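Following: one structure in structure tokens, then a few remarks.
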Amino acid sequence: MKYVENFEEKLDKFAEVIIKIGANVQKGQKVWINCTTDSLPLVYKVTEKAYKAGASNVNVKLADDKLRRMHAEYQSTEEYSTIPKWTVDEMNDYLDNNVVFIHILSSSPELFSGIDAEKLGAYAKNRGEALKYYRSRVMNDINSWTIVSYPSPEWAKLVFPEESDVEKAQAKLLDAILETIRVNEKDPVEAWKEH
């Protein structure tokens, strides 16, 4: 991101906070990263930091918002709201093997704007039912998890509509995120430990 000063260094620190504080990845642990293509610069750093922390496996579940939108728009409600058994089985297998979840959110809040609410509701209901085991494990802190944000162009435009340059809007939003999570501190991990 050309408008963020020391971008690579800040992204390294961000990834370190995610791995050491948010997810607390331990040697031999499996890591599951849910993310979108907009967050790839951060995903690369988080994956590397996870392996350096001793993760035995990093499973990156990459989604693309344009494709997600197309699926929601063009699939029938029945097809769209069906959660395949193999996706649930894979997640449950990881859950049973002490996986830590890292969710990197970057989608625009308006991603599904204009999509039939009943279709989205059917998907949410079926997904919730299919992922009961996941919810029970993360809500009871059996599996570690963390959620972080990384700005997509669409999200940044919503937050900074007055900014005509999308990359500048993204840089502003990323700076706000990094400030919030103490990445601008000399040692962000230590700053979190002292928090």
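Residues are referred to by chain and number: the chain letter is A, B, ... according to the order shown in the structure tokens, the number counts from 1 in that chain, and ligands are numbered separately from 1 in the order shown.
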With a distance cut-off of 6 Å and only C-alpha atoms, select the neighbouring residues of region 53-68 of chain A, excluding the residue or stretch itself and same-chain residues fewer than 4 positions from it, and output the selection as number ranges by chain. A: 27-37
List the neighbours of region 124-129 of chain A out to 9 Å using only C-alpha atoms; skip same-chain residues closer than 5 positions along the sequence, and give me the result as a list in words.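 Listing them by chain and then by number gives Ser81, Thr82, Ile83, Lys119 and Arg135 of chain A.
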Selection file, N, CA and C atoms, as a CSV table (one decimal), in the first residue's frame:
chain,number,residue,atom,x,y,z
A,81,SER,N,-28.2,-22.0,0.0
A,81,SER,CA,-28.3,-22.2,1.4
A,81,SER,C,-27.9,-23.6,1.9
A,82,THR,N,-27.4,-24.4,0.9
A,82,THR,CA,-27.0,-25.8,1.3
A,82,THR,C,-25.5,-25.7,1.7
A,83,ILE,N,-25.3,-26.2,2.9
A,83,ILE,CA,-23.9,-26.3,3.4
A,83,ILE,C,-23.4,-27.7,3.2
A,119,LYS,N,-33.2,-15.4,1.0
A,119,LYS,CA,-32.1,-16.2,0.5
A,119,LYS,C,-30.9,-16.1,1.5
A,135,ARG,N,-19.3,-23.5,16.8
A,135,ARG,CA,-19.7,-22.5,17.7
A,135,ARG,C,-19.5,-22.9,19.2
DSSP-assigned strand (DSSP E or B) among region 49-170 of chain A, expressed as a list in words: Asn57, Val58, Asn59, Val60, Lys61, Leu62, Ala63, Val100, Phe101, Ile102, His103, Ile104, Leu105, Trp145, Thr146, Ile147, Val148 and Ser149 of chain A
Could you dump the residues just selected with C-alpha atoms as a PDB file, in the first residue's frame?
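The new file again28.pdb reads:
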ATOM      1  CA  ASN A  57      -0.184 -26.619   9.307  1.00  0.00           C
ATOM      2  CA  VAL A  58      -1.773 -23.380   8.098  1.00  0.00           C
ATOM      3  CA  ASN A  59      -5.022 -23.911   6.189  1.00  0.00           C
ATOM      4  CA  VAL A  60      -5.978 -20.739   4.306  1.00  0.00           C
ATOM      5  CA  LYS A  61      -9.636 -20.555   3.275  1.00  0.00           C
ATOM      6  CA  LEU A  62      -9.579 -17.826   0.678  1.00  0.00           C
ATOM      7  CA  ALA A  63     -12.789 -16.252  -0.611  1.00  0.00           C
ATOM      8  CA  VAL A 100      -6.809 -22.055  16.156  1.00  0.00           C
ATOM      9  CA  PHE A 101      -9.031 -19.872  13.950  1.00  0.00           C
ATOM     10  CA  ILE A 102      -7.949 -16.528  12.534  1.00  0.00           C
ATOM     11  CA  HIS A 103     -10.677 -14.580  10.745  1.00  0.00           C
ATOM     12  CA  ILE A 104      -9.448 -11.639   8.666  1.00  0.00           C
ATOM     13  CA  LEU A 105     -12.436  -9.477   7.778  1.00  0.00           C
ATOM     14  CA  TRP A 145      -9.799 -17.822  17.792  1.00  0.00           C
ATOM     15  CA  THR A 146      -9.335 -14.198  16.862  1.00  0.00           C
ATOM     16  CA  ILE A 147     -10.903 -11.737  14.442  1.00  0.00           C
ATOM     17  CA  VAL A 148      -8.995  -8.890  12.796  1.00  0.00           C
ATOM     18  CA  SER A 149      -9.703  -6.427  10.011  1.00  0.00           C
TER      19      SER A 149
END
Measuring between only C-alpha atoms, which one of A:Ser76, A:Leu131, A:Leu111, A:Ile21 shows the shortest distance to Asp89 (chain A)?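 Closest to Asp89 (chain A), using only C-alpha atoms: A:Leu131.
Using only C-alpha atoms, the residues found no farther than 12 Å from region 179-193 of chain A, other than those of its own chain fewer than 4 positions away, are Val4, Glu5, Asn6, Phe7, Glu8, Glu9, Lys10, Leu11, Asp12, Lys13, Phe14, Ala15, Glu16, Val17, Ile18, Ile19, Lys20, Ile21, Gly22, Asn24, Ile147, Val148, Ser149, Tyr150, Lys172, Leu173, Leu174 and Asp175 of chain A.
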Export C-alpha atoms of the chosen residues as a PDB file, in the first residue's frame?
ATOM      1  CA  VAL A   4       1.251   3.737   4.233  1.00  0.00           C
ATOM      2  CA  GLU A   5       4.658   4.678   5.582  1.00  0.00           C
ATOM      3  CA  ASN A   6       6.778   1.587   6.405  1.00  0.00           C
ATOM      4  CA  PHE A   7       3.982  -0.655   5.115  1.00  0.00           C
ATOM      5  CA  GLU A   8       5.913  -3.955   5.201  1.00  0.00           C
ATOM      6  CA  GLU A   9       7.273  -3.311   8.689  1.00  0.00           C
ATOM      7  CA  LYS A  10       3.814  -2.404  10.001  1.00  0.00           C
ATOM      8  CA  LEU A  11       2.272  -5.464   8.362  1.00  0.00           C
ATOM      9  CA  ASP A  12       4.949  -7.629  10.009  1.00  0.00           C
ATOM     10  CA  LYS A  13       4.097  -6.164  13.402  1.00  0.00           C
ATOM     11  CA  PHE A  14       0.361  -6.587  12.727  1.00  0.00           C
ATOM     12  CA  ALA A  15       0.895 -10.261  11.867  1.00  0.00           C
ATOM     13  CA  GLU A  16       3.018 -10.759  14.968  1.00  0.00           C
ATOM     14  CA  VAL A  17       0.273  -9.320  17.193  1.00  0.00           C
ATOM     15  CA  ILE A  18      -2.260 -11.618  15.518  1.00  0.00           C
ATOM     16  CA  ILE A  19      -0.120 -14.738  16.028  1.00  0.00           C
ATOM     17  CA  LYS A  20       1.325 -14.024  19.488  1.00  0.00           C
ATOM     18  CA  ILE A  21      -1.544 -12.162  21.162  1.00  0.00           C
ATOM     19  CA  GLY A  22      -4.800 -12.673  19.244  1.00  0.00           C
ATOM     20  CA  ASN A  24      -1.621 -17.334  20.671  1.00  0.00           C
ATOM     21  CA  ILE A 147     -10.903 -11.737  14.442  1.00  0.00           C
ATOM     22  CA  VAL A 148      -8.995  -8.890  12.796  1.00  0.00           C
ATOM     23  CA  SER A 149      -9.703  -6.427  10.011  1.00  0.00           C
ATOM     24  CA  TYR A 150      -7.914  -5.440   6.834  1.00  0.00           C
ATOM     25  CA  LYS A 172      -6.306   5.875   6.058  1.00  0.00           C
ATOM     26  CA  LEU A 173      -8.444   2.946   7.176  1.00  0.00           C
ATOM     27  CA  LEU A 174      -5.424   0.698   7.630  1.00  0.00           C
ATOM     28  CA  ASP A 175      -3.688   3.409   9.673  1.00  0.00           C
TER      29      ASP A 175
END
Among the residues A:Phe160, A:Tyr3, A:Tyr80, A:Tyr44, the one that comes closest to Glu118 (chain A) [using only C-alpha atoms]: A:Tyr80
What is the distance between CA of Glu163 (chain A) and CA of Met1 (chain A), in Å to one decimal? 15.5 Å
May I have all residues of region 16-153 of chain A that DSSP, computed from the backbone, assigns to helix (DSSP H, G or I), given as a PyMOL selection string? chain A and resi 16-22+37-52+65-74+77-80+85-96+117-130+132-139+153
From the list A:Val88, A:Glu194, A:Pro151, A:Lys132, which residue is nearest Ala176 (chain A) when using only C-alpha atoms? A:Pro151
What does the structure give for the distance between CA of Lys85 (chain A) and CA of Ser144 (chain A), in Å to one decimal?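 Atom-to-atom, CA of Lys85 (chain A) to CA of Ser144 (chain A), that is 23.4 Å.
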May I ask for the distance between CA of Ile115 (chain A) and CA of Glu167 (chain A), given in Å to one decimal place? 27.5 Å
Distance criterion (only C-alpha atoms): nearest to Ser108 (chain A) out of A:Ala169, A:Leu158, A:Ile177, A:Leu40: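 Of all the options, A:Leu158 lies closest to Ser108 (chain A).
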Nearest-residue call for Met91 (chain A), choices A:Tyr134, A:Ser106, A:Ala117, A:Tyr74, using only C-alpha atoms: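 Ranking A:Tyr134, A:Ser106, A:Ala117, A:Tyr74 by distance to Met91 (chain A), first place goes to A:Tyr134.
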List every residue of region 114-163 of chain A that has an atom at most 8 Å from any atom of region 92-97 of chain A, giving for each one its closest atom pair and the distance in Å to one decimal, counting only C-alpha atoms, sorted by chain and then by ascending residue number, as CSV.
residue,atom,partner,partner_atom,distance
A:Tyr133,CA,A:Asn92,CA,7.2
A:Tyr134,CA,A:Asn92,CA,7.0
A:Arg137,CA,A:Leu95,CA,7.7
A:Asn143,CA,A:Leu95,CA,6.9
